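Participant: Encoded as structure tokens, here's the structure I'll be asking about.
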Amino acid sequence: MSLNPEAAVESGNFVSNLTDWNKKEKAAVALISHIGELLYDKGVELVLFRNHLIDESTSAILNLHDYAEKVVNKPIDIYTTADLAKELLKLDNIKPAKIDIGKLAAEWLEEQNSHG
């Protein structure tokens with residue numbers, strides 16, 4: 001039995017989509033870890049376009065990123081927010097605050113686009 005070309009393409013898309021989803025979930029897990037460390041070690045609460053991120057699941061965080069892209073019209077990806085949260089953790093002199101990581105990521109991406 002041989003697969004028809006359409007089935008092979010669909011199978012390739014499935015594997016590609018699954019791999020992409022797994023990468024996004026790993027980034028969401030990293031973001032969740034950074035959110036907890038920032039809150040409990042530094043007193044910094046992260047939100048995503050006013051949506052609280054504490055005690056959220058990976059799928060909820062990924063859905064909030066989709067919300068940001070579709071509703072707020074900001075193409076914010078999980079990789080950017082996870083990287084920014086990781087960089088915030090490295091700051092020694094950061095004061096307790098509530099930071100909107102979505103707005104921060106949007107400004108970061110906008111600056112990159114205007115200089116690159």
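A note on labels: chains of the structure tokens are A, B, ... as shown, every chain counts residues from 1, and ligands are counted from 1 in their shown order.
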List every residue of range 19-110 of chain A that DSSP, applied to the backbone of this structure, places in alpha helix (DSSP H), and write the result as a PyMOL selection string.
Facilitator: chain A and resi 19-37+58-70+78-90+101-110
Participant: Excluding same-chain residues fewer than 2 positions from range 73-79 of chain A, what lies within 9 Å of it counting only C-alpha atoms, as a list in words?
Facilitator: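 The contact residues come out as Lys24, Glu25, Ala27, Ala28, Leu31, Ile61, Leu62, His65, Asp66, Tyr67, Ala68, Glu69, Lys70, Val71, Thr81, Ala82, Asp83, Leu84, Gly102, Lys103, Ala105, Ala106 and Leu109 of chain A.
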Participant: My list of candidates is A:Leu53, A:Gly12, A:Glu110, A:Leu18. Which is closest to Leu38 in chain A when distances are computed with only C-alpha atoms?
Facilitator: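 Counting only C-alpha atoms, the residue closest to Leu38 in chain A is A:Leu53.
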Participant: Which of these residues is nearest to Lys86 in chain A, using only C-alpha atoms: A:Trp21, A:Asp41, A:Ala30, A:Val72?
Facilitator: A:Ala30
Participant: Which is closest to Leu88 in chain A among A:Val15, A:Val29, A:Leu39, A:Arg50, if we use only C-alpha atoms?
Facilitator: A:Leu39
Participant: Give me, please, the distance in Å between CA of Glu107 in chain A and CA of Asn63 in chain A, quoted to one decimal.
Facilitator: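 Separating CA of Glu107 in chain A from CA of Asn63 in chain A is a distance of 20.5 Å.
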Participant: Rounded to one decimal in Å, what is the spacing between CA of Ser16 in chain A and CA of Ser59 in chain A?
Facilitator: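 One can read the CA of Ser16 in chain A to CA of Ser59 in chain A distance as 18.6 Å.
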Participant: DSSP on the backbone: what in chain A comes out strand (DSSP E or B), as a list in words?
Facilitator: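 Here is the list: Val44, Glu45, Leu46, Val47, Leu48, Asn51, His52, Ala97, Lys98, Ile99 and Asp100 of chain A.
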Participant: Using all heavy atoms, can you write the selected residues to a file as a PDB file, in the first residue's frame?
Facilitator:
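Just written: out_11.pdb:
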ATOM      1  N   VAL A  44       7.895  40.968  41.621  1.00  0.00           N
ATOM      2  CA  VAL A  44       7.455  41.501  40.329  1.00  0.00           C
ATOM      3  C   VAL A  44       6.358  40.604  39.780  1.00  0.00           C
ATOM      4  O   VAL A  44       6.548  39.401  39.604  1.00  0.00           O
ATOM      5  CB  VAL A  44       8.631  41.563  39.326  1.00  0.00           C
ATOM      6  CG1 VAL A  44       8.154  41.978  37.954  1.00  0.00           C
ATOM      7  CG2 VAL A  44       9.700  42.520  39.837  1.00  0.00           C
ATOM      8  N   GLU A  45       5.189  41.202  39.525  1.00  0.00           N
ATOM      9  CA  GLU A  45       4.070  40.454  38.949  1.00  0.00           C
ATOM     10  C   GLU A  45       4.018  40.733  37.452  1.00  0.00           C
ATOM     11  O   GLU A  45       4.011  41.891  37.033  1.00  0.00           O
ATOM     12  CB  GLU A  45       2.747  40.865  39.591  1.00  0.00           C
ATOM     13  CG  GLU A  45       1.573  40.112  39.015  1.00  0.00           C
ATOM     14  CD  GLU A  45       0.232  40.572  39.568  1.00  0.00           C
ATOM     15  OE1 GLU A  45       0.205  41.460  40.441  1.00  0.00           O
ATOM     16  OE2 GLU A  45      -0.783  40.042  39.115  1.00  0.00           O
ATOM     17  N   LEU A  46       3.984  39.679  36.665  1.00  0.00           N
ATOM     18  CA  LEU A  46       3.858  39.829  35.219  1.00  0.00           C
ATOM     19  C   LEU A  46       2.413  39.605  34.798  1.00  0.00           C
ATOM     20  O   LEU A  46       1.749  38.691  35.292  1.00  0.00           O
ATOM     21  CB  LEU A  46       4.741  38.833  34.472  1.00  0.00           C
ATOM     22  CG  LEU A  46       6.246  39.003  34.597  1.00  0.00           C
ATOM     23  CD1 LEU A  46       6.963  37.984  33.705  1.00  0.00           C
ATOM     24  CD2 LEU A  46       6.689  40.404  34.235  1.00  0.00           C
ATOM     25  N   VAL A  47       1.934  40.458  33.905  1.00  0.00           N
ATOM     26  CA  VAL A  47       0.623  40.298  33.293  1.00  0.00           C
ATOM     27  C   VAL A  47       0.818  40.372  31.784  1.00  0.00           C
ATOM     28  O   VAL A  47       1.844  40.852  31.301  1.00  0.00           O
ATOM     29  CB  VAL A  47      -0.384  41.377  33.771  1.00  0.00           C
ATOM     30  CG1 VAL A  47      -0.655  41.249  35.256  1.00  0.00           C
ATOM     31  CG2 VAL A  47       0.107  42.779  33.448  1.00  0.00           C
ATOM     32  N   LEU A  48      -0.153  39.884  31.033  1.00  0.00           N
ATOM     33  CA  LEU A  48      -0.105  39.941  29.580  1.00  0.00           C
ATOM     34  C   LEU A  48      -1.334  40.691  29.108  1.00  0.00           C
ATOM     35  O   LEU A  48      -2.440  40.160  29.130  1.00  0.00           O
ATOM     36  CB  LEU A  48      -0.059  38.536  28.979  1.00  0.00           C
ATOM     37  CG  LEU A  48       0.117  38.480  27.470  1.00  0.00           C
ATOM     38  CD1 LEU A  48       1.560  38.811  27.098  1.00  0.00           C
ATOM     39  CD2 LEU A  48      -0.252  37.122  26.926  1.00  0.00           C
ATOM     40  N   ASN A  51      -4.007  40.697  31.628  1.00  0.00           N
ATOM     41  CA  ASN A  51      -4.457  39.371  32.050  1.00  0.00           C
ATOM     42  C   ASN A  51      -3.417  38.776  32.992  1.00  0.00           C
ATOM     43  O   ASN A  51      -2.236  38.699  32.653  1.00  0.00           O
ATOM     44  CB  ASN A  51      -4.625  38.448  30.838  1.00  0.00           C
ATOM     45  CG  ASN A  51      -5.779  38.871  29.966  1.00  0.00           C
ATOM     46  OD1 ASN A  51      -6.928  38.692  30.332  1.00  0.00           O
ATOM     47  ND2 ASN A  51      -5.477  39.444  28.819  1.00  0.00           N
ATOM     48  N   HIS A  52      -3.878  38.352  34.162  1.00  0.00           N
ATOM     49  CA  HIS A  52      -2.973  37.772  35.145  1.00  0.00           C
ATOM     50  C   HIS A  52      -2.411  36.455  34.636  1.00  0.00           C
ATOM     51  O   HIS A  52      -3.099  35.684  33.971  1.00  0.00           O
ATOM     52  CB  HIS A  52      -3.692  37.564  36.480  1.00  0.00           C
ATOM     53  CG  HIS A  52      -4.089  38.852  37.116  1.00  0.00           C
ATOM     54  ND1 HIS A  52      -3.229  39.578  37.908  1.00  0.00           N
ATOM     55  CD2 HIS A  52      -5.233  39.564  37.054  1.00  0.00           C
ATOM     56  CE1 HIS A  52      -3.830  40.681  38.313  1.00  0.00           C
ATOM     57  NE2 HIS A  52      -5.054  40.703  37.806  1.00  0.00           N
ATOM     58  N   ALA A  97       7.082  45.429  41.336  1.00  0.00           N
ATOM     59  CA  ALA A  97       6.246  46.136  40.373  1.00  0.00           C
ATOM     60  C   ALA A  97       5.296  45.166  39.695  1.00  0.00           C
ATOM     61  O   ALA A  97       5.428  43.948  39.822  1.00  0.00           O
ATOM     62  CB  ALA A  97       7.125  46.814  39.324  1.00  0.00           C
ATOM     63  N   LYS A  98       4.350  45.722  38.963  1.00  0.00           N
ATOM     64  CA  LYS A  98       3.508  44.940  38.066  1.00  0.00           C
ATOM     65  C   LYS A  98       3.910  45.355  36.661  1.00  0.00           C
ATOM     66  O   LYS A  98       3.842  46.526  36.303  1.00  0.00           O
ATOM     67  CB  LYS A  98       2.028  45.232  38.292  1.00  0.00           C
ATOM     68  CG  LYS A  98       1.107  44.410  37.388  1.00  0.00           C
ATOM     69  CD  LYS A  98      -0.342  44.796  37.576  1.00  0.00           C
ATOM     70  CE  LYS A  98      -0.944  43.940  38.661  1.00  0.00           C
ATOM     71  NZ  LYS A  98      -2.422  44.117  38.739  1.00  0.00           N
ATOM     72  N   ILE A  99       4.365  44.393  35.865  1.00  0.00           N
ATOM     73  CA  ILE A  99       4.863  44.679  34.526  1.00  0.00           C
ATOM     74  C   ILE A  99       3.994  43.949  33.510  1.00  0.00           C
ATOM     75  O   ILE A  99       3.764  42.748  33.634  1.00  0.00           O
ATOM     76  CB  ILE A  99       6.333  44.239  34.372  1.00  0.00           C
ATOM     77  CG1 ILE A  99       7.220  45.021  35.343  1.00  0.00           C
ATOM     78  CG2 ILE A  99       6.805  44.415  32.931  1.00  0.00           C
ATOM     79  CD1 ILE A  99       8.666  44.546  35.363  1.00  0.00           C
ATOM     80  N   ASP A 100       3.548  44.688  32.509  1.00  0.00           N
ATOM     81  CA  ASP A 100       2.782  44.086  31.428  1.00  0.00           C
ATOM     82  C   ASP A 100       3.771  43.580  30.386  1.00  0.00           C
ATOM     83  O   ASP A 100       4.291  44.341  29.570  1.00  0.00           O
ATOM     84  CB  ASP A 100       1.813  45.091  30.818  1.00  0.00           C
ATOM     85  CG  ASP A 100       0.793  44.424  29.917  1.00  0.00           C
ATOM     86  OD1 ASP A 100       1.181  43.492  29.169  1.00  0.00           O
ATOM     87  OD2 ASP A 100      -0.376  44.824  29.961  1.00  0.00           O
TER      88      ASP A 100
END
Participant: Rounded to one decimal, what separation in Å do you get between CA of Ile54 in chain A and CA of Gly36 in chain A?
Facilitator: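 These two atoms are separated by 7.3 Å.
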Participant: Identify which of the residues A:Lys42, A:Asn13, A:Thr19, A:Ile32 lies closest to Leu91 in chain A, counting only C-alpha atoms when measuring atom-to-atom distances.
Facilitator: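 Nearest to Leu91 in chain A: A:Lys42.
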